[in-house]
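Participant: Got a structure here, written out as structure tokens. Questions coming.
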Amino acid sequence: MELLRQNVLFVLVFLPLLGAAAVLPQRTGKSARWVALGVSIATLLLAGLLPLLFDSARAGPYGYDDVGGVVQLVRRLPWVPSIHAELLLGVDGLSLPLVLLTTFVFVLAIIASFKIEKQVQGYFALVLLLETGVLGTFLSLDLLLLFVFFELSLLPMYFLIGIWGGPRREYAAIKFFVYTFVGSIAILVALIGIYLKAGSFDLVRLPALLGDLAHTNPTLAMTLFGLLAFGFLVKLPIMPFHTWLPDAHVEAPTPISMILAAVLLKLGGYGLLRVAWPLFPEQALAAWPILAALAVISILAGALCAIGQADFKRLVAYSSVSHMGFVLLGIIAMTPASMAGAVFMMVAHGLTSAALFFVVGIIYDRVHHRQIARMGGVGATMPTYGRFASLFMFASLGLPGLCNFIGEILVLMGVFSAAKTGPVSAAVPAWAIYTVATAAAFGIVLTAGYMLWCLQRVFLGKPKEDTATLAPLDSRETLVLWPLAIAVVALGVLPWTLVLTLSDTTVAALLKVLS
Amino acid sequence: MPTLLTLLLLVVALPLCGFAILLALGKRLGDPLGGYVGTGFSFAGFAAAVAAMAAWISSSYGFGYGVGPLVRSFAWLPIGEHAGQRVPGFLDFTIYVDSFTVVMLAMVTLISAVVHLYSLRYLRGDARTPIYFGRLSLFGFSMTGLLLSGTLLQLLVFWELVGLCSYLLIGYWNERRDARMAATKAFLTNRVGDVGFIIGLCLLVSFVGNTTLPDLWVMLSPTHQTAMSNGLLTLIGCLLFCGAIGKSAQFPLHTWLPDAMAGPTPVSALIHAATMVAAGVFLLIRIDPILTADARLFVVVIGAITIAIGSLCAIAQRDLKQALAFSTMAQLGYMVLGVGVGSRDGAGFHLLTHAFFKALLFLAAGVVIYGMHHKSRLEHYGGLFRRMPVTAIAFAIGALAMSATPYFSGYYSKELIVAHAAAWSQLAADSGRSGLWSLALWVPVIGAYLTPFYLTRLWMLTFTGRPRDLEAFEEAHEPGMLSFPLVVLSGLAVVSGFDWFPVRSMVDSSAVETRAQVSALTGPASPVNPLEHDWPSRVHLSMPDVETDTAPTSTEAGDDRVEAGAAQAAHLTHWAWLAGIIAGVVIYARGFALTERLARLSVLSAPREWLRHRMYFDDLYRWVFVGAARLAGRLIDRLDRRVIDGLIDRLALAYAALGRVTASADDLIVDGVVRGVSSGVLTSGLGVGQTQGGRVRVYVASAVLMLALTVIGTVAWAVLR
């Protein structure tokens, strides 16, 4: 048991990497697929152990096991002793839901990838490499290690879009790379600055080590915070750093879009929660007006932009921008409800966006375009598919009983409460908070607007020429849709039992650090 | 009360079971069988509701005298904070049951069962009936869940779910453009109202950390609360009311309801006349104890405007169902105004009686539309009394009930509202406010004259005179299976107003129970019971008072005023039904003949066009809001593509140029700090094609170079510093 507790995270992170190594030498694409699927399922099962090993009731401080903290299953190995960098992995209530989401979505994405015929071994090896990168980012508690994993997730994505993507894949891949790379540079610079000041990469101890930087050198602290925030906001993405997202999504193959939306965007939100905020809470407060404005612009402009899209996949991509605005809003409000809402929203959006991109992929495979105007009546030609799609679209627009609603309502409640309690209430005038919160609340009308309009044009009505005869869902597609549908409903009905109970104590501990 | 609780949960669970079964097995069950399953579950739900009502009345809870209502909580989302303190459990699922809930449950399940039965015949032969009945079952679940909700958050959950069902059922015939447009419009319009509701909810959470109804009544009673300023409480009341504005089709969010008539007629009867649209009024009744005098004024104004719009537009509609939709709007306006002027009982009473007679009117209209091969415009009708006598009589009974004819149910409920409106406007006059304020009385009174007129118009044009569409007339008939529900509802439309029938008494005791609940929560030691003072007489009259900032209310004076108001209302509206009917009979005795002649006068034709186009609200909203959203969407999209992407593309070109310079230095890949290793593995090991490979190396090289430069620069900067 102790052996398991000590090593489970390392095995979890590197299992997909081993899988990638196992996939590459496979002779046939078929065996490569099955090996990849087996590895991803094994990873999911291993991640499924975490909630059992993780003591979510422990209401400790934001610290390690030794002080009874919320960060658990910690394992450190020496890495680069000269700069005090360690292979330091641990899990808490912020990372655990995202790890579960990641392993879940990767299994589904790999099932969805069974149609890929081009360089199959390379494809699945890259996907598994990507999984290692993502899991490593979520589980690293050493800033340098986190950065390395963060970068490690960048490159496979670049190749997956650039090689297996659609007609404009090279443009999209370069754009993705340039954007994320600029963000990475910002994070790297901040990382070096932090190390030079604190002499450590230990993310859990850094808040204490950096404690008085805000007073001794406020300019430096603000610069470092700005660089970190910029790097992660690009990844989230938040307007105006978002234009890589629609292009990357449109060109990426369906399973990669699923991973990109469900998991890679969460790296941004997670980075803000894990790195930028705990290390520089005062700067985060000082930057409140800008961050709040960006969040609201993302929510509203992202949704408006989605209304204007003629391409089904771009529409879903812009819906991600809008939803990630809610995540940012939840993070900056710094109240228990809003933080819990942000974490929940990341998980919920992970499920709905993966599902919606898969839904787009299904229709694309049949009509070979994504023009909403040329679709119609799909609900009549493919009734089961229509029902799944409606379920996910309603989940995405925040219908109660389905997952996104919980995230949105918690964030909104949290933001409104921020005017009364918490660190933000002391730093920001109440009217500003209410304005931001009210503007964000109107996002739910716009969200319903573009989702229902899209639903109406694609799925309702009489079938048009392109959509008159469509093959029904095959068993592989159904196999992907069912787990997502079940998860979307289950999280909406039992949000506390399934997710928030894991994150609750950590959010409370983190808030103590922030205030 | 375990049995009572079990029965209540059964009322909610049975339709959910029906939904689950129809969802899973609908296709296998097929056309008639799926319908039977749905109908069976709805009748079982009705039986459970009746049993619950019997248990309620016979138990000590019954009529609430001395004993508080039933509250039960289940942990759902135990997260939240108030004033820095974590408040566990404030988002729990809570069941709140009082007499009003019980009678509402019985009403909803009854009409639902009747509508199921009716739909079996109405939709016979439609291959998709299992889907239809599945959606009806989901609605039954959502609506009963809404009625049992004990917290506003939970209410919001079911509130949105009934909205979903409404969307799904309006759009049931989605191959029709008007149906799918109407469905989307209904959902979106409701969402606008919901934003207000959600904001109000969030403010409640942030100020009192609670949305549980009994707690709110205690904490936020306007006459006795310290949690927030009166202005803020007014704001919260108005925001919560916004939800009701959307759901109950009040001005300015009323435009979706007439369009919603594109759904199947049984759906219009159940959802868009009897139950869901009344959910807004239900919400208002639930938050009645926390409405400040100013919030009440807002409610009154909205209700009055809605009565005016609904009553006027109903006169000019050429479509039977749309005319009825406007009449629903107007009646909902009465209920809203009723809550506003302090007649919570009148509003609840009218809600219930209206549910019966309006469902009756819609189902009767459904028989006509069915018999006339889905032609719903009045110009096709005429002389149908001979073909469908039962329907004609049923429609007449519904119309008489709605016209507040004495001894019909609508008479009792509407009188109660008008009496309070009279008392309220008298109170306004006493405190020196007149003019506009008296409209709170005059609008409902004038509406009371218009109601019988437009209903008579509909009846005359449909059932009397010469048939205008002979072909359809020859085939018109009324199937017996459709008539049976009409008979049931006709009976209820008459008797539901009487004292011995458990509607009025249940509504009345709900107010008593609210008071009992509040005193149970405040406890005997509490110095001032906020509601004790002004509730016993079922009167809650209050006026916004600028000078003292508190609402001047007085029990005795309130009682007197209501008595005087009742007298005044009786004086003003007692013969309204007859006047309206006579006017209708005279004008429409010969079909459209007289009105067509009158319409040639331009003085009359312009307003007629205005009313026919629903006062142009729909066009206005389409131009302003929908147009603006789409325009903004296109503009932002262009901004993204031109400005931001233009910038990025140039940056990328610069990168690529830089990369080309360094492309020869492939060694860098090997020496690269972070990504060099992995990308080297990738480019060689993964067999990346030559075309990609070449470029990839360029990008990776440039990337690594940038990275190296940055690292060096930073280190240099740090060292030099």
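The chains in the structure tokens are called A, B, ... from first to last as shown; in each chain the residues are counted from 1, and the ligands are counted from 1 in the order shown.
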Would you return as a ChimeraX atom specification the members of segment 58-215 of chain A that DSSP assigns to alpha helix (DSSP H) on this structure's backbone?

Facilitator: /A:95-112,120-139,143-164,169-198,206-209,213-215

Participant: Would you tabulate, counting only C-alpha atoms, all residues of chain A that have an atom at most 8 Å from an atom of chain B, showing the closest pair of atoms and their distance in Å to one decimal, sorted by chain then ascending number, as JSON lines?

Facilitator:
{"residue": "A:Leu24", "atom": "CA", "partner": "B:Leu686", "partner_atom": "CA", "distance": 7.7}
{"residue": "A:Gly122", "atom": "CA", "partner": "B:Leu686", "partner_atom": "CA", "distance": 5.4}
{"residue": "A:Val148", "atom": "CA", "partner": "B:Val674", "partner_atom": "CA", "distance": 7.0}
{"residue": "A:Glu151", "atom": "CA", "partner": "B:Arg675", "partner_atom": "CA", "distance": 7.3}
{"residue": "A:Leu152", "atom": "CA", "partner": "B:Arg675", "partner_atom": "CA", "distance": 7.3}
{"residue": "A:Leu155", "atom": "CA", "partner": "B:Ser679", "partner_atom": "CA", "distance": 7.3}
{"residue": "A:Ile163", "atom": "CA", "partner": "B:Gln692", "partner_atom": "CA", "distance": 7.3}
{"residue": "A:Ile174", "atom": "CA", "partner": "B:Ala652", "partner_atom": "CA", "distance": 7.3}
{"residue": "A:Lys175", "atom": "CA", "partner": "B:Ala652", "partner_atom": "CA", "distance": 7.1}
{"residue": "A:Val178", "atom": "CA", "partner": "B:Ala652", "partner_atom": "CA", "distance": 6.6}
{"residue": "A:Phe181", "atom": "CA", "partner": "B:Ala703", "partner_atom": "CA", "distance": 7.7}
{"residue": "A:Ile185", "atom": "CA", "partner": "B:Leu707", "partner_atom": "CA", "distance": 6.8}
{"residue": "A:Leu188", "atom": "CA", "partner": "B:Val711", "partner_atom": "CA", "distance": 7.9}
{"residue": "A:Val189", "atom": "CA", "partner": "B:Thr714", "partner_atom": "CA", "distance": 6.5}
{"residue": "A:Ile192", "atom": "CA", "partner": "B:Thr714", "partner_atom": "CA", "distance": 7.5}
{"residue": "A:Gly193", "atom": "CA", "partner": "B:Ala718", "partner_atom": "CA", "distance": 7.5}
{"residue": "A:Leu196", "atom": "CA", "partner": "B:Ala718", "partner_atom": "CA", "distance": 7.7}
{"residue": "A:Pro240", "atom": "CA", "partner": "B:Ile644", "partner_atom": "CA", "distance": 7.5}
{"residue": "A:Thr243", "atom": "CA", "partner": "B:Asp640", "partner_atom": "CA", "distance": 6.6}
{"residue": "A:Ala301", "atom": "CA", "partner": "B:Ile636", "partner_atom": "CA", "distance": 6.9}
{"residue": "A:Ala303", "atom": "CA", "partner": "B:Gly633", "partner_atom": "CA", "distance": 7.9}
{"residue": "A:Leu304", "atom": "CA", "partner": "B:Gly633", "partner_atom": "CA", "distance": 4.4}
{"residue": "A:Cys305", "atom": "CA", "partner": "B:Gly633", "partner_atom": "CA", "distance": 4.2}
{"residue": "A:Ala306", "atom": "CA", "partner": "B:Gly633", "partner_atom": "CA", "distance": 6.8}
{"residue": "A:Ile307", "atom": "CA", "partner": "B:Gly633", "partner_atom": "CA", "distance": 5.6}
{"residue": "A:Gly308", "atom": "CA", "partner": "B:Gly633", "partner_atom": "CA", "distance": 4.4}
{"residue": "A:Gln309", "atom": "CA", "partner": "B:Asp637", "partner_atom": "CA", "distance": 7.7}
{"residue": "A:Thr335", "atom": "CA", "partner": "B:Glu81", "partner_atom": "CA", "distance": 7.9}
{"residue": "A:Pro336", "atom": "CA", "partner": "B:Gly80", "partner_atom": "CA", "distance": 6.3}
{"residue": "A:Ala337", "atom": "CA", "partner": "B:Gly80", "partner_atom": "CA", "distance": 5.3}
{"residue": "A:Gly377", "atom": "CA", "partner": "B:Glu175", "partner_atom": "CA", "distance": 7.6}
{"residue": "A:Leu399", "atom": "CA", "partner": "B:Glu160", "partner_atom": "CA", "distance": 6.6}
{"residue": "A:Pro400", "atom": "CA", "partner": "B:Val157", "partner_atom": "CA", "distance": 5.1}
{"residue": "A:Gly401", "atom": "CA", "partner": "B:Val157", "partner_atom": "CA", "distance": 7.0}
{"residue": "A:Leu412", "atom": "CA", "partner": "B:Cys202", "partner_atom": "CA", "distance": 6.8}
{"residue": "A:Met413", "atom": "CA", "partner": "B:Cys202", "partner_atom": "CA", "distance": 4.7}
{"residue": "A:Gly414", "atom": "CA", "partner": "B:Ser206", "partner_atom": "CA", "distance": 7.9}
{"residue": "A:Phe416", "atom": "CA", "partner": "B:Cys202", "partner_atom": "CA", "distance": 6.0}
{"residue": "A:Ser417", "atom": "CA", "partner": "B:Ser206", "partner_atom": "CA", "distance": 4.2}
{"residue": "A:Ala418", "atom": "CA", "partner": "B:Ser206", "partner_atom": "CA", "distance": 7.9}
{"residue": "A:Ala419", "atom": "CA", "partner": "B:Ser206", "partner_atom": "CA", "distance": 8.0}
{"residue": "A:Lys420", "atom": "CA", "partner": "B:Ser206", "partner_atom": "CA", "distance": 6.7}
{"residue": "A:Thr421", "atom": "CA", "partner": "B:Ala83", "partner_atom": "CA", "distance": 5.6}
{"residue": "A:Gly422", "atom": "CA", "partner": "B:Gly84", "partner_atom": "CA", "distance": 6.6}
{"residue": "A:Thr438", "atom": "CA", "partner": "B:Ile199", "partner_atom": "CA", "distance": 6.9}
{"residue": "A:Ala441", "atom": "CA", "partner": "B:Val195", "partner_atom": "CA", "distance": 6.2}
{"residue": "A:Phe442", "atom": "CA", "partner": "B:Val195", "partner_atom": "CA", "distance": 6.3}
{"residue": "A:Ile444", "atom": "CA", "partner": "B:Val195", "partner_atom": "CA", "distance": 7.5}
{"residue": "A:Val445", "atom": "CA", "partner": "B:Arg191", "partner_atom": "CA", "distance": 5.7}
{"residue": "A:Ala448", "atom": "CA", "partner": "B:Leu188", "partner_atom": "CA", "distance": 6.6}
{"residue": "A:Gly449", "atom": "CA", "partner": "B:Leu188", "partner_atom": "CA", "distance": 6.4}
{"residue": "A:Leu452", "atom": "CA", "partner": "B:Thr184", "partner_atom": "CA", "distance": 6.3}
{"residue": "A:Trp453", "atom": "CA", "partner": "B:Thr184", "partner_atom": "CA", "distance": 7.2}
{"residue": "A:Gln456", "atom": "CA", "partner": "B:Arg180", "partner_atom": "CA", "distance": 6.7}
{"residue": "A:Leu460", "atom": "CA", "partner": "B:Asn174", "partner_atom": "CA", "distance": 5.7}
{"residue": "A:Gly461", "atom": "CA", "partner": "B:Glu175", "partner_atom": "CA", "distance": 3.9}
{"residue": "A:Lys462", "atom": "CA", "partner": "B:Glu175", "partner_atom": "CA", "distance": 5.1}
{"residue": "A:Leu494", "atom": "CA", "partner": "B:Trp76", "partner_atom": "CA", "distance": 7.1}
{"residue": "A:Pro495", "atom": "CA", "partner": "B:Leu77", "partner_atom": "CA", "distance": 6.9}
{"residue": "A:Trp496", "atom": "CA", "partner": "B:Leu77", "partner_atom": "CA", "distance": 5.3}

Participant: With only C-alpha atoms as the counted atoms, please give the residues lying no more than 7 Å from segment 389-398 of chain B, apart from itself and same-chain residues fewer than 5 positions off, as JSON, numbers by chain.

Facilitator: {"B": [357, 358, 360, 361, 364, 463, 483, 486, 490, 493]}

Participant: Do a neighbour search on Leu384 of chain B at 12 Å with only C-alpha atoms, toss out local chain neighbours closer than 2 positions, and write the hits as a ChimeraX atom specification.

Facilitator: /B:365,367-369,371-372,378,380-382,386-393,395,458-470,472-478

Participant: As an exercise, work out the distance from atom CA of His368 of chain A to atom CA of Gly166 of chain A in Å and give it to one decimal place.

Facilitator: 11.2 Å

Participant: Report, in Å to a single decimal, how far apart atom CA of Ala32 of chain A and atom CA of Leu98 of chain A are.

Facilitator: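 Between atom CA of Leu98 of chain A and atom CA of Ala32 of chain A the gap is 26.5 Å.
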
Participant: In Å, how far is it from atom CA of Trp277 of chain A to atom CA of Leu52 of chain A?

Facilitator: 28.4 Å

Participant: With only C-alpha atoms as the counted atoms, please give the residues lying no more than 8 Å from segment 384-392 of chain A, apart from itself and same-chain residues fewer than 6 positions off, as a compact mmCIF listing (two decimals) with N, CA and C atoms, in the first residue's frame.

Facilitator:
# COMPACT_ATOMS: atom_id res chain seq x y z
N THR A 352 -18.20 18.86 -21.88
CA THR A 352 -19.12 19.32 -22.92
C THR A 352 -18.36 19.69 -24.19
N ALA A 355 -17.33 16.64 -26.00
CA ALA A 355 -18.51 16.05 -26.61
C ALA A 355 -18.93 16.83 -27.85
N LEU A 356 -18.92 18.15 -27.74
CA LEU A 356 -19.39 18.95 -28.88
C LEU A 356 -18.43 18.84 -30.07
N VAL A 359 -19.22 15.71 -31.66
CA VAL A 359 -20.47 15.86 -32.40
C VAL A 359 -20.21 16.51 -33.75
N VAL A 378 -30.85 17.38 -39.38
CA VAL A 378 -30.04 16.21 -39.03
C VAL A 378 -30.73 15.39 -37.94
N LEU A 455 -28.40 24.83 -33.05
CA LEU A 455 -29.22 23.62 -32.94
C LEU A 455 -30.37 23.65 -33.94
N PHE A 459 -29.95 20.85 -36.68
CA PHE A 459 -30.64 19.61 -36.30
C PHE A 459 -32.14 19.65 -36.53
N PRO A 472 -26.34 6.18 -40.02
CA PRO A 472 -26.57 6.33 -38.58
C PRO A 472 -25.27 6.19 -37.81
N LEU A 473 -25.32 6.52 -36.53
CA LEU A 473 -24.14 6.41 -35.68
C LEU A 473 -23.62 4.98 -35.71
N LEU A 481 -19.89 8.58 -27.29
CA LEU A 481 -20.94 9.52 -26.85
C LEU A 481 -21.55 9.12 -25.52
N ALA A 485 -22.14 11.45 -22.27
CA ALA A 485 -23.51 11.82 -21.89
C ALA A 485 -23.76 11.49 -20.43
N VAL A 488 -21.91 13.97 -18.26
CA VAL A 488 -22.52 15.31 -18.29
C VAL A 488 -23.73 15.36 -17.37

Participant: Using only C-alpha atoms, determine which residues lie at most 12 Å from Gly38 of chain A, disregarding the query and same-chain residues fewer than 3 positions distant; provide the list as number ranges by chain.

Facilitator: A: 15-16, 18-20, 22-23, 31-35, 41-45, 106-108, 110-111, 124, 128
